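> Structure: upload-v1.cif, mmCIF, C-alpha atoms.
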```cif
data_run
#
loop_
_atom_site.label_atom_id
_atom_site.label_comp_id
_atom_site.auth_asym_id
_atom_site.auth_seq_id
_atom_site.Cartn_x
_atom_site.Cartn_y
_atom_site.Cartn_z
CA MET H 30 -10.22 27.21 -7.70
CA ARG H 31 -9.47 24.05 -5.74
CA ILE H 32 -7.65 21.52 -7.91
CA TYR H 33 -6.53 17.98 -7.22
CA VAL H 34 -3.19 17.22 -8.81
CA PRO H 35 -2.15 13.59 -9.32
CA ALA H 36 1.47 13.13 -8.34
CA THR H 37 4.12 10.72 -7.12
CA LEU H 38 6.03 11.04 -3.85
CA ASP H 39 9.30 11.86 -5.62
CA GLU H 40 7.70 14.96 -7.13
CA LEU H 41 7.10 16.36 -3.65
CA GLU H 42 10.79 16.20 -2.74
CA GLY H 43 11.23 19.68 -4.18
CA ALA H 44 8.50 21.21 -2.03
CA VAL H 45 9.65 24.00 0.26
CA VAL H 46 8.28 23.19 3.71
CA ALA H 47 8.18 25.71 6.55
CA ALA H 48 6.39 25.89 9.88
CA ALA H 49 3.50 27.78 8.27
CA GLY H 50 2.98 25.43 5.31
CA ALA H 51 4.52 24.22 2.10
CA ARG H 52 4.97 25.53 -1.42
CA TRP H 53 5.34 23.31 -4.46
CA ASP H 54 6.26 23.83 -8.09
CA VAL H 55 3.37 22.31 -9.99
CA PRO H 56 4.36 20.60 -13.23
CA ALA H 57 2.15 21.27 -16.24
CA ARG H 58 -0.28 18.37 -16.35
CA ARG H 59 -3.80 17.10 -16.20
CA ALA H 60 -5.49 17.65 -12.85
CA HIS H 61 -9.08 17.54 -11.63
CA ALA H 62 -11.54 20.07 -10.26
CA VAL H 63 -15.24 20.72 -9.95
CA THR H 64 -15.88 21.86 -13.50
CA PRO H 65 -19.17 22.88 -15.11
CA ALA H 66 -19.08 19.52 -16.93
CA LEU H 67 -18.78 17.63 -13.63
CA ALA H 68 -21.54 19.73 -12.05
CA GLY H 69 -23.69 18.95 -15.09
CA GLU H 70 -23.12 15.22 -14.68
CA LEU H 71 -23.89 15.36 -10.95
CA PRO H 72 -26.72 17.93 -10.74
CA ASP H 73 -28.24 16.41 -7.59
CA GLU H 74 -24.95 16.28 -5.67
CA ASP H 75 -23.59 18.95 -3.35
CA ASP H 76 -20.22 20.65 -3.82
CA GLU H 77 -18.50 18.31 -1.36
CA SER H 78 -19.62 15.23 -3.33
CA ARG H 79 -18.45 16.79 -6.57
CA GLU H 80 -15.07 17.62 -5.02
CA TYR H 81 -14.77 14.01 -3.87
CA GLU H 82 -15.44 12.78 -7.42
CA ALA H 83 -12.71 15.09 -8.75
CA PHE H 84 -10.38 13.88 -6.00
CA LEU H 85 -11.01 10.21 -6.90
CA ALA H 86 -10.30 10.93 -10.56
CA ALA H 87 -6.97 12.48 -9.52
CA ALA H 88 -6.18 9.36 -7.45
CA ASP H 89 -6.80 7.23 -10.55
CA ASP H 90 -4.49 9.45 -12.58
CA SER H 91 -1.85 9.14 -9.88
CA LEU H 92 -1.96 5.37 -10.30
CA ALA H 93 -1.36 5.90 -14.02
CA LEU H 94 1.65 8.11 -13.19
CA VAL H 95 3.08 5.39 -10.97
CA ALA H 96 2.56 2.87 -13.78
CA SER H 97 4.42 5.10 -16.23
CA ARG H 98 7.37 5.61 -13.86
CA ARG H 99 8.14 2.25 -12.32
CA ALA H 100 11.08 3.51 -10.23
CA VAL H 101 8.85 5.68 -7.99
CA VAL H 102 7.34 4.67 -4.65
CA PRO H 103 4.23 2.64 -5.58
CA LEU H 104 1.66 4.77 -3.76
CA ARG H 105 -1.02 7.08 -5.12
CA VAL H 106 -0.59 10.78 -4.26
CA VAL H 107 -3.02 13.65 -4.71
CA VAL H 108 -2.00 17.22 -3.91
CA SER H 109 -4.81 19.66 -3.15
CA LEU H 110 -4.12 23.24 -4.22
CA ASP H 111 -6.01 26.49 -4.54
CA VAL H 112 -5.00 28.31 -7.73
CA PRO H 113 -6.36 31.27 -9.67
CA ASP H 114 -9.06 30.23 -12.15
CA ALA H 115 -6.97 31.71 -14.98
CA GLU H 116 -4.29 29.04 -14.43
CA VAL H 117 -6.72 26.22 -15.22
CA THR H 118 -8.48 25.28 -18.45
CA GLU H 119 -11.05 22.55 -18.99
CA ALA H 120 -9.43 19.62 -20.76
CA ASP H 121 -10.77 19.05 -24.25
CA GLY H 122 -11.71 15.50 -25.15
CA ALA H 123 -11.05 14.12 -21.68
CA ASP H 124 -12.84 11.02 -20.45
CA GLU H 125 -13.42 12.54 -17.02
CA PRO H 126 -15.72 15.56 -16.69
CA SER H 127 -13.51 16.84 -13.86
CA ALA H 128 -10.38 16.95 -16.02
CA VAL H 129 -8.55 20.26 -16.28
CA ASP H 130 -5.19 21.23 -17.66
CA VAL H 131 -2.83 23.18 -15.43
CA ALA H 132 0.08 25.21 -16.68
CA ALA H 133 3.36 24.89 -14.80
CA LEU H 134 3.08 26.97 -11.64
CA THR H 135 5.81 28.10 -9.29
CA ARG H 136 5.69 27.96 -5.49
CA VAL H 137 1.97 27.31 -5.05
CA ALA H 138 0.78 26.95 -1.45
CA VAL H 139 -0.17 23.34 -0.74
CA VAL H 140 -3.55 22.87 0.96
CA ALA H 141 -3.14 19.16 1.71
CA VAL H 142 -1.41 16.01 0.53
CA HIS H 143 -3.25 12.70 0.30
CA VAL H 144 -1.26 9.46 0.06
CA ASP H 145 -1.95 5.74 0.25
CA GLU H 146 -0.87 4.09 3.47
CA PRO H 147 2.44 2.22 3.02
CA GLU H 148 0.66 -1.17 3.11
CA ALA H 149 -1.10 -0.21 -0.13
CA ALA H 150 2.18 -0.56 -2.03
CA ASP H 151 1.65 -4.31 -2.42
CA ASP H 152 -1.78 -3.72 -3.95
CA VAL H 153 -0.41 -1.05 -6.29
CA ARG H 154 2.36 -3.43 -7.36
CA ALA H 155 -0.29 -6.11 -7.96
CA VAL H 156 -2.16 -3.73 -10.27
CA LEU H 157 1.03 -3.00 -12.19
CA ALA H 158 1.90 -6.71 -12.48
CA ALA H 159 -1.63 -7.63 -13.59
CA ALA H 160 -1.63 -4.82 -16.15
CA ASP H 161 1.71 -6.07 -17.49
CA GLU H 162 0.33 -9.61 -17.78
CA GLU H 163 -2.75 -8.35 -19.60
CA ASN H 164 -0.61 -6.28 -21.99
CA ASP H 165 1.60 -9.29 -22.66
CA ALA H 166 -1.48 -11.42 -23.33
CA GLU H 167 -2.85 -8.83 -25.74
CA ARG H 168 0.45 -8.73 -27.65
CA THR H 169 0.52 -12.51 -28.02
CA GLY H 170 -3.20 -12.75 -28.78
CA ASP H 171 -3.73 -14.94 -25.72
CA VAL H 172 -6.17 -12.67 -23.92
CA GLY H 173 -8.09 -14.60 -21.35
CA ALA H 174 -10.49 -13.93 -18.54
CA THR H 175 -7.81 -14.83 -16.00
CA SER H 176 -5.54 -11.83 -16.65
CA GLU H 177 -8.50 -9.47 -16.88
CA ALA H 178 -9.97 -10.83 -13.65
CA ALA H 179 -6.62 -10.47 -11.88
CA LEU H 180 -6.36 -6.85 -13.01
CA ASP H 181 -9.94 -6.10 -11.96
CA ALA H 182 -9.38 -7.65 -8.53
CA ALA H 183 -6.12 -5.76 -7.98
CA LEU H 184 -7.69 -2.47 -9.09
CA GLN H 185 -10.60 -3.05 -6.74
CA ARG H 186 -8.26 -3.55 -3.78
CA VAL H 187 -6.47 -0.29 -4.57
CA THR H 188 -9.59 1.77 -5.19
CA ASP H 189 -11.21 0.43 -2.02
CA ARG H 190 -8.44 2.10 -0.02
CA ASP H 191 -8.76 5.62 1.31
CA LEU H 192 -5.86 7.98 0.86
CA LEU H 193 -4.51 9.37 4.12
CA TRP H 194 -4.53 13.12 4.71
CA TYR H 195 -1.31 14.98 5.50
CA ASP H 196 -0.82 18.59 6.47
CA PRO H 197 1.55 20.39 4.07
CA THR H 198 4.11 20.71 6.88
CA GLU H 199 4.26 16.90 7.09
CA ILE H 200 5.46 16.25 3.53
CA SER H 201 8.87 15.04 4.63
CA GLN H 202 7.27 12.76 7.23
CA ILE H 203 4.98 10.84 4.88
CA PRO H 204 5.74 7.16 5.51
CA ARG H 205 6.99 5.03 2.66
CA PRO H 206 6.94 1.24 2.30
#
```
Could you express the structure from this file as structure tokens?

Amino acid sequence: MRIYVPATLDELEGAVVAAAGARWDVPARRAHAVTPALAGELPDEDDESREYEAFLAAADDSLALVASRRAVVPLRVVVSLDVPDAEVTEADGADEPSAVDVAALTRVAVVAVHVDEPEAADDVRAVLAAADEENDAERTGDVGATSEAALDAALQRVTDRDLLWYDPTEISQIPRP
């Protein structure tokens, strides 16, 4: 099964890269795939469109990972992997129909790595700053349209960006801001 694992660049530092490819220890976490639930929600779409939806959901989850670990490089990362179906379970109660849970896996062959271009870091930081402002406003009861609009605008700039594709052998060469 092809899965799309949200990640941060620091998590890829442990990947073992060789001329023929790369292997990565996958942490147990939520990932995304073309699940029966996703296929049911997109019955008129082809497999490629469904895979793209799962990929985009993983990119969103990567942004959440960056937000939860502020010391990491502020870029979204999605790692594409092919794993045995038995290693993946559909996530119960998830908001996304593509959500799956992956057990920790050792030395899985990486199919591809997708990363924001370095210039996206400013937009990612803007999302994080706007989210912080909105959270502060909610705590003080001073929620206004301004903080919500700033967050929406920053999120739109990030989600309008395409993630760049990298061959697994290029992991150490992925540019950083």
> Please enumerate the residues selected by the PyMOL selection byres ((chain H and resi 123) around 12) when evaluated against the supplied file, formatted as a list of chain:residue names.
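With the PyMOL selection byres ((chain H and resi 123) around 12) on this model, the match is H:Arg59, H:Ala60, H:His61, H:Ala66, H:Leu67, H:Ala86, H:Thr118, H:Glu119, H:Ala120, H:Asp121, H:Gly122, H:Asp124, H:Glu125, H:Pro126, H:Ser127, H:Ala128, H:Val129, H:Asp130.
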> Please determine, counting all atoms listed in the file, which residue among H:Asp54, H:Asp76, H:Glu162, H:Glu199 has the shortest atom-to-atom distance to H:Leu110.
H:Asp54
> Could you write out as a compact mmCIF listing (two decimals) with C-alpha atoms, keeping the file's coordinate frame the residues that the PyMOL selection byres ((chain H and resi 103) around 10) matches in the shown file?

```txt
# COMPACT_ATOMS: atom_id res chain seq x y z
CA THR H 37 4.12 10.72 -7.12
CA LEU H 38 6.03 11.04 -3.85
CA SER H 91 -1.85 9.14 -9.88
CA LEU H 92 -1.96 5.37 -10.30
CA LEU H 94 1.65 8.11 -13.19
CA VAL H 95 3.08 5.39 -10.97
CA ALA H 96 2.56 2.87 -13.78
CA ARG H 98 7.37 5.61 -13.86
CA ARG H 99 8.14 2.25 -12.32
CA ALA H 100 11.08 3.51 -10.23
CA VAL H 101 8.85 5.68 -7.99
CA VAL H 102 7.34 4.67 -4.65
CA LEU H 104 1.66 4.77 -3.76
CA ARG H 105 -1.02 7.08 -5.12
CA VAL H 106 -0.59 10.78 -4.26
CA ASP H 145 -1.95 5.74 0.25
CA PRO H 147 2.44 2.22 3.02
CA ALA H 149 -1.10 -0.21 -0.13
CA ALA H 150 2.18 -0.56 -2.03
CA ASP H 151 1.65 -4.31 -2.42
CA ASP H 152 -1.78 -3.72 -3.95
CA VAL H 153 -0.41 -1.05 -6.29
CA ARG H 154 2.36 -3.43 -7.36
CA LEU H 157 1.03 -3.00 -12.19
CA ARG H 205 6.99 5.03 2.66
CA PRO H 206 6.94 1.24 2.30
```
> For H:Val107, which residue out of H:Glu40, H:Asp181, H:Glu70, H:Glu77 is the nearest one, using only C-alpha atoms?
H:Glu40
> Please enumerate the residues selected by the PyMOL selection byres ((chain H and resi 183) around 9) when evaluated against the supplied file, formatted as an NGL selection string.
:H and (152-157 or 159 or 178-182 or 184-188)
> Would you work out the distance separating atom CA of H:His143 from atom CA of H:Trp194, expressed in Å to one decimal?
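Answer for the atom CA of H:His143 to atom CA of H:Trp194 separation: 4.6 Å.
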> Give the answer as one residue: which of H:Ala51, H:Val34, H:Ala57, H:Val63 has the shortest atom-to-atom distance to H:Ala132, using all atoms listed in the file?
H:Ala57
> Report the distance between atom CA of H:Val137 and atom CA of H:Ser78 in Å, rounded to one decimal place.
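Atom CA of H:Ser78 lies at a distance of 24.8 Å from atom CA of H:Val137.
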> Work out how far atom CA of H:Ile32 is from atom CA of H:Arg58, in Å to one decimal.
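Going from atom CA of H:Arg58 over to atom CA of H:Ile32, I get 11.6 Å.
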